[in-house]
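Encoded as structure tokens, the structure appears first; notes follow it.
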Amino acid sequence: MLPLPILILIGLAGLGLLLLLIIRFKMQAFYALILVSIIVGLAAGLPLTTIPADGDIPERLGVIQAIIAGVGGTLGSVAVLVALGSMLGKIIELSGGAESLAGRFTSWLGPKRVGIALVVAAGILAIPVFFDAGFIILIPIIFAFSKVAGLNPVKFGLPVAGIMLAVHVAVPPHPGIVGGSAILGADIGWVTILALGVSVPLAVLAYLVGKWLNRREYAMIAATKEMFDGFGTERSTVKAGLGEGEKAPGAGTVLGLILLPLVLIMLGTAVAPAFEKGSFWNGLLTMIGQPIFALMVAIAAAMYFLGIRRGWSAAHLGEVMESALPSAAVIILVTGAGGAFGRILTETGIGGAVANTLASTGMPLILAAFLISQIMRAAQGSATVAIVTTAGLLLPTVTALGLDTVHTALVAIAIGYGALGLSHVNDSGFWVVTRYLGLSVKDGLRTWTPLTTVLGVAGFLITWLLYVLIPVA
């Protein structure tokens with residue numbers, strides 16, 4: 001094996017090459033991750049093909065075999081979870097459920113608390129629906145309330161986008177956190193419970209920071225101003241995806257469908273251990289609490305309550321569910337490639353060298369997890385790529401420390417919040433938010449970038465506090 005300093009240099013050069021390929025040459029992330037994995041593996045001395053075990057000498061995987069093992073090990077559960085989560089989100093999205101949820105929370109909290117109502121509704125909606133899609137769905141709601149109140153849509157839209165992204169990076173079944181958790185071996189149930197808990201104060205913070213950032217007025221860019229001026233209050237409910245005469249589902253139904261898989265997961269994670277292992281109740285609760293099973297149940301319920309019961313044909317329902325898979329497939333492949341990169345770092349000893357270096361500096365693992373993810377996010381823009389790459393880099397350290405279930409989950413969440421902040425011009429989410437809210441690039445950097453950074457740092461600090469306060473099992 002090469003000396004530790006050389007291994008670390010190879011690892012850093014590999015990360016630099018990955019960023020160069022994605023940022024400068026606009027290479028697709030999946031291909032770039034696989035290509036860099038091959039280059040790093042060869043540079044660090046992995047054999048061209050697998051060398052079988054010989055006596056006391058263990059088997060050494062070849063470069064390609066290590067990549068295959070990394071992809072396969074990561075996607076064992078990730079592929080199913082991301083696909084199922086995408087289907088549930090798509091059914092809710094195209095049924096008009098988002099508008100029902102936002103409208104109901106607004107009516108509950110009253111017209112004077114529209115901003116709070118929208119943040120609450122957005123935080124709940126963001127659990128099953130991907131960030132970009134969820135925010136675009138809520139734009140007509142934001143526009144409608146902004147026109148009635150005589151306000152710039154950024155007043156309502158900024159905190160809404162902030163909490164939606166905060167949920168997207170840390171709460172399963174979103175792909176980045178699911179992939180990062182799979183690489184680290186973190187329990188998805190505990191990741192879900194802990195990340196949801198952290199999301200509550202972040203929702204309050206998103207509202208307060210958004211309100212503070214909106215203390216000044218921002219000029220609306222021409223394209224958005226034209227769209228906003230032509231928007232009538234009678235269009236406050238989005239009709240896209242609804243058939244002729246079809247009404248949006250009730251907010252209670254949508255809320256129940258979103259909470260159903262979360263309740264099942266919590267039963268398996270928090271209640272099942274109360275029963276003796278091997279007992280009927282322990283086995284039953286453990287099974288229904290598995291995220292895959294919980295999402296299957298939620299999708300079945302959504303198919304009936306949002307589809308069949310409201311007149312959707314079986315063919316239309318199938319088309320809606322299938323339409324969720326193309327975008328999910330890209331994310332699944334990128335996640336698998338992140339697992340391959342992590343396996344290469346482990347097989348070459350680069351991960352171990354990084355672990356030794358962190359130990360010698362005295363930097364806590366959870367801080368390193370946040371900082372590396374934050375740097376990766378700022379450098380190349382994709383939260384998913386930042387999370388899975390950081391998880392792969394830190395896997396040997398997490399394994400060497402022998403962290404328990406809860407603390408491993410908290411490390412995964414810290415990585416997620418690292419991928420939240422410093423959203424800027426290389427992030428597609430930056431352009432979605434700024435263009436729909438009418439912000440110039442300069443004003444987007446003054447508002448959206450600070451908001452995501454504050455939420456990311458706050459989410460990490462709360463996670464670190466839990467990491468310190470929760471006793472080691």
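Each chain in the structure tokens gets a letter, A, B, ..., in the order shown, and its residues are numbered from 1; ligands are numbered from 1 in order too.
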Nearby residues (only C-alpha atoms) at most 6 Å from region 71-78 of chain A, same-chain spacing under 5 positions excluded, as a list in words: Ala182, Ile183, Gly336, Ala337, Gly339 and Ala340 of chain A
Save the residues we just selected, N, CA and C atoms, as a CSV table (one decimal), in the first residue's frame?
```csv
chain,number,residue,atom,x,y,z
A,182,ALA,N,-27.5,4.8,3.1
A,182,ALA,CA,-27.2,3.4,2.7
A,182,ALA,C,-25.7,3.2,2.7
A,183,ILE,N,-25.0,4.2,2.2
A,183,ILE,CA,-23.5,4.0,2.1
A,183,ILE,C,-22.9,3.9,3.5
A,336,GLY,N,-25.9,5.3,-6.9
A,336,GLY,CA,-25.1,4.1,-7.0
A,336,GLY,C,-23.6,4.4,-7.3
A,337,ALA,N,-23.4,5.4,-8.2
A,337,ALA,CA,-22.0,5.8,-8.5
A,337,ALA,C,-21.3,6.4,-7.3
A,339,GLY,N,-21.8,5.3,-4.3
A,339,GLY,CA,-21.4,4.2,-3.5
A,339,GLY,C,-20.2,3.5,-4.1
A,340,ALA,N,-20.1,3.5,-5.4
A,340,ALA,CA,-18.9,3.0,-6.1
A,340,ALA,C,-17.6,3.8,-5.7
```
DSSP-assigned alpha helix (DSSP H) among region 153-234 of chain A, expressed as a ChimeraX atom specification: /A:154-170,175-184,188-213,222-229
Neighbour list for Gly444 (chain A) as a PyMOL selection string, cut-off 7 Å, only C-alpha atoms, skip fewer than 5 positions in-chain: chain A and resi 434+439+449
If you keep N, CA, C and O atoms, can you produce a file of those selected residues as a PDB file, in the first residue's frame?
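What landed in selection_9.pdb:
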```pdb
ATOM      1  N   THR A 434     -35.176  31.770  -7.720  1.00  0.00           N
ATOM      2  CA  THR A 434     -35.008  33.186  -8.095  1.00  0.00           C
ATOM      3  C   THR A 434     -35.881  33.569  -9.283  1.00  0.00           C
ATOM      4  O   THR A 434     -36.466  34.660  -9.300  1.00  0.00           O
ATOM      5  N   LEU A 439     -36.460  37.320  -8.559  1.00  0.00           N
ATOM      6  CA  LEU A 439     -35.217  37.882  -8.019  1.00  0.00           C
ATOM      7  C   LEU A 439     -34.118  37.893  -9.083  1.00  0.00           C
ATOM      8  O   LEU A 439     -33.962  36.927  -9.833  1.00  0.00           O
ATOM      9  N   THR A 449     -29.254  32.533  -0.969  1.00  0.00           N
ATOM     10  CA  THR A 449     -27.993  31.936  -0.517  1.00  0.00           C
ATOM     11  C   THR A 449     -27.809  32.076   0.988  1.00  0.00           C
ATOM     12  O   THR A 449     -27.493  31.082   1.672  1.00  0.00           O
TER      13      THR A 449
END
```
Å distance separating CA of Ile350 (chain A) from CA of Ile6 (chain A), one decimal place: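 Computing the Euclidean distance for CA of Ile350 (chain A) and CA of Ile6 (chain A) yields 9.0 Å.
Distances here use only C-alpha atoms; by that measure, the residue among A:Ile265, A:Ala206, A:Ala102, A:Ile344 closest to Gly250 (chain A) is A:Ala102.
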Selected residue of minimal separation from Leu262 (chain A) among A:Ile139, A:Leu422, A:Ile366, A:Ala298, counting only C-alpha atoms: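 The closest residue to Leu262 (chain A) is A:Ala298.
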Nearest to Leu445 (chain A) by atom-to-atom distance, counting only C-alpha atoms, from A:Leu2, A:Leu420, A:Leu213, A:Ile413: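 Under the stated criterion, the closest residue is A:Leu213.
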Selection near region 325-333 of chain A, 8 Å with only C-alpha atoms, sequence-local residues under 5 positions removed, as a ChimeraX atom specification: /A:30,75,78-79,82-83,86-87,175,384
Option closest in space to Thr357 (chain A), from A:Leu267, A:Leu394, A:Ile470, A:Ala53 [counting only C-alpha atoms]: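 Smallest distance to Thr357 (chain A) is found for A:Leu394.
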Ala302 (chain A) environment, 12 Å, only C-alpha atoms, sequence neighbours closer than 6 positions dropped, as a ChimeraX atom specification: /A:84-85,87-95,97,128,249,253-261,295-296,308-310,312,317,320-321
Nearby residues (only C-alpha atoms) at most 12 Å from Lys211 (chain A), same-chain spacing under 4 positions excluded, as a PyMOL selection string: chain A and resi 115-116+119+154-160+162+204-207+215-217+447+451
Okay, now the selection with N, CA and C atoms, as a tab-separated table (two decimals), in the first residue's frame?
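Dumped everything to part.tsv:
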```tsv
chain	number	residue	atom	x	y	z
A	115	GLY	N	-48.39	33.55	5.75
A	115	GLY	CA	-46.99	33.16	5.63
A	115	GLY	C	-46.68	31.93	6.46
A	116	ILE	N	-47.16	31.91	7.70
A	116	ILE	CA	-46.94	30.76	8.58
A	116	ILE	C	-47.62	29.52	8.01
A	119	VAL	N	-45.70	28.04	5.10
A	119	VAL	CA	-44.47	27.36	5.55
A	119	VAL	C	-44.81	25.99	6.13
A	154	VAL	N	-41.99	37.23	-3.25
A	154	VAL	CA	-40.82	36.79	-2.50
A	154	VAL	C	-41.10	36.80	-1.00
A	155	LYS	N	-42.06	37.61	-0.55
A	155	LYS	CA	-42.38	37.69	0.88
A	155	LYS	C	-42.85	36.34	1.41
A	156	PHE	N	-43.72	35.67	0.62
A	156	PHE	CA	-44.21	34.36	1.02
A	156	PHE	C	-43.31	33.24	0.50
A	157	GLY	N	-42.74	33.43	-0.69
A	157	GLY	CA	-42.04	32.35	-1.35
A	157	GLY	C	-40.69	31.99	-0.77
A	158	LEU	N	-39.98	32.97	-0.23
A	158	LEU	CA	-38.63	32.71	0.27
A	158	LEU	C	-38.62	31.70	1.43
A	159	PRO	N	-39.38	31.92	2.50
A	159	PRO	CA	-39.37	30.92	3.58
A	159	PRO	C	-39.97	29.59	3.16
A	160	VAL	N	-40.94	29.60	2.25
A	160	VAL	CA	-41.52	28.35	1.75
A	160	VAL	C	-40.44	27.51	1.07
A	162	GLY	N	-37.24	27.75	1.48
A	162	GLY	CA	-36.21	27.40	2.45
A	162	GLY	C	-36.55	26.12	3.21
A	204	VAL	N	-39.58	27.13	11.79
A	204	VAL	CA	-39.73	28.41	12.50
A	204	VAL	C	-38.62	29.37	12.06
A	205	LEU	N	-37.41	28.86	11.99
A	205	LEU	CA	-36.27	29.70	11.60
A	205	LEU	C	-36.41	30.18	10.16
A	206	ALA	N	-36.90	29.31	9.27
A	206	ALA	CA	-37.09	29.71	7.86
A	206	ALA	C	-38.06	30.88	7.78
A	207	TYR	N	-39.12	30.83	8.56
A	207	TYR	CA	-40.11	31.91	8.55
A	207	TYR	C	-39.51	33.21	9.08
A	215	ARG	N	-37.19	42.51	4.85
A	215	ARG	CA	-37.42	43.85	5.42
A	215	ARG	C	-37.20	44.94	4.37
A	216	ARG	N	-36.50	44.60	3.32
A	216	ARG	CA	-36.30	45.54	2.22
A	216	ARG	C	-37.05	45.04	0.99
A	217	GLU	N	-37.30	45.91	0.05
A	217	GLU	CA	-38.02	45.56	-1.18
A	217	GLU	C	-37.02	45.15	-2.27
A	447	THR	N	-30.38	36.90	-0.74
A	447	THR	CA	-31.51	36.35	0.01
A	447	THR	C	-31.48	34.83	0.10
A	451	LEU	N	-30.19	32.44	3.25
A	451	LEU	CA	-31.23	31.66	3.92
A	451	LEU	C	-30.85	30.18	3.97
```
Å distance separating CA of Gly338 (chain A) from CA of Val388 (chain A), one decimal place: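 The value is 5.1 Å.
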Atomic separation - CA of Ser382 (chain A) relative to CA of Ser428 (chain A), Å: 8.0 Å
Residue nearest Thr346 (chain A) among A:Arg104, A:Asn282, A:Leu395, A:Arg377 (counting only C-alpha atoms):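 For Thr346 (chain A), the nearest of the given residues is A:Leu395.
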Option closest in space to Ser181 (chain A), from A:Val169, A:Ala274, A:Leu285, A:Gly210 [counting only C-alpha atoms]: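 Residue with the minimum atom-to-atom distance to Ser181 (chain A): A:Val169.
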Spatial neighbours of Gly429 (chain A), 9 Å, only C-alpha atoms, chain gap at least 5 places, as a tab-separated table (two decimals) with N, CA, C and O atoms, in the first residue's frame:
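The resulting out04.tsv:
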```
chain	number	residue	atom	x	y	z
A	131	PHE	N	-38.01	18.71	-4.14
A	131	PHE	CA	-37.97	20.15	-3.91
A	131	PHE	C	-38.44	20.96	-5.12
A	131	PHE	O	-39.37	21.77	-5.01
A	132	ASP	N	-37.81	20.76	-6.27
A	132	ASP	CA	-38.14	21.56	-7.45
A	132	ASP	C	-39.62	21.45	-7.80
A	132	ASP	O	-40.32	22.45	-8.00
A	165	LEU	N	-36.44	22.92	0.95
A	165	LEU	CA	-35.10	22.41	0.68
A	165	LEU	C	-34.49	21.76	1.92
A	165	LEU	O	-33.79	20.75	1.84
A	381	GLY	N	-22.70	22.13	-6.77
A	381	GLY	CA	-24.11	22.50	-6.85
A	381	GLY	C	-25.13	21.44	-6.49
A	381	GLY	O	-26.18	21.76	-5.94
A	423	SER	N	-26.30	27.60	-1.48
A	423	SER	CA	-26.91	27.42	-2.80
A	423	SER	C	-26.68	28.69	-3.62
A	423	SER	O	-27.07	29.78	-3.22
A	424	HIS	N	-26.05	28.54	-4.78
A	424	HIS	CA	-25.79	29.72	-5.62
A	424	HIS	C	-25.94	29.33	-7.09
A	424	HIS	O	-26.69	28.41	-7.41
A	434	THR	N	-35.18	31.77	-7.72
A	434	THR	CA	-35.01	33.19	-8.09
A	434	THR	C	-35.88	33.57	-9.28
A	434	THR	O	-36.47	34.66	-9.30
```
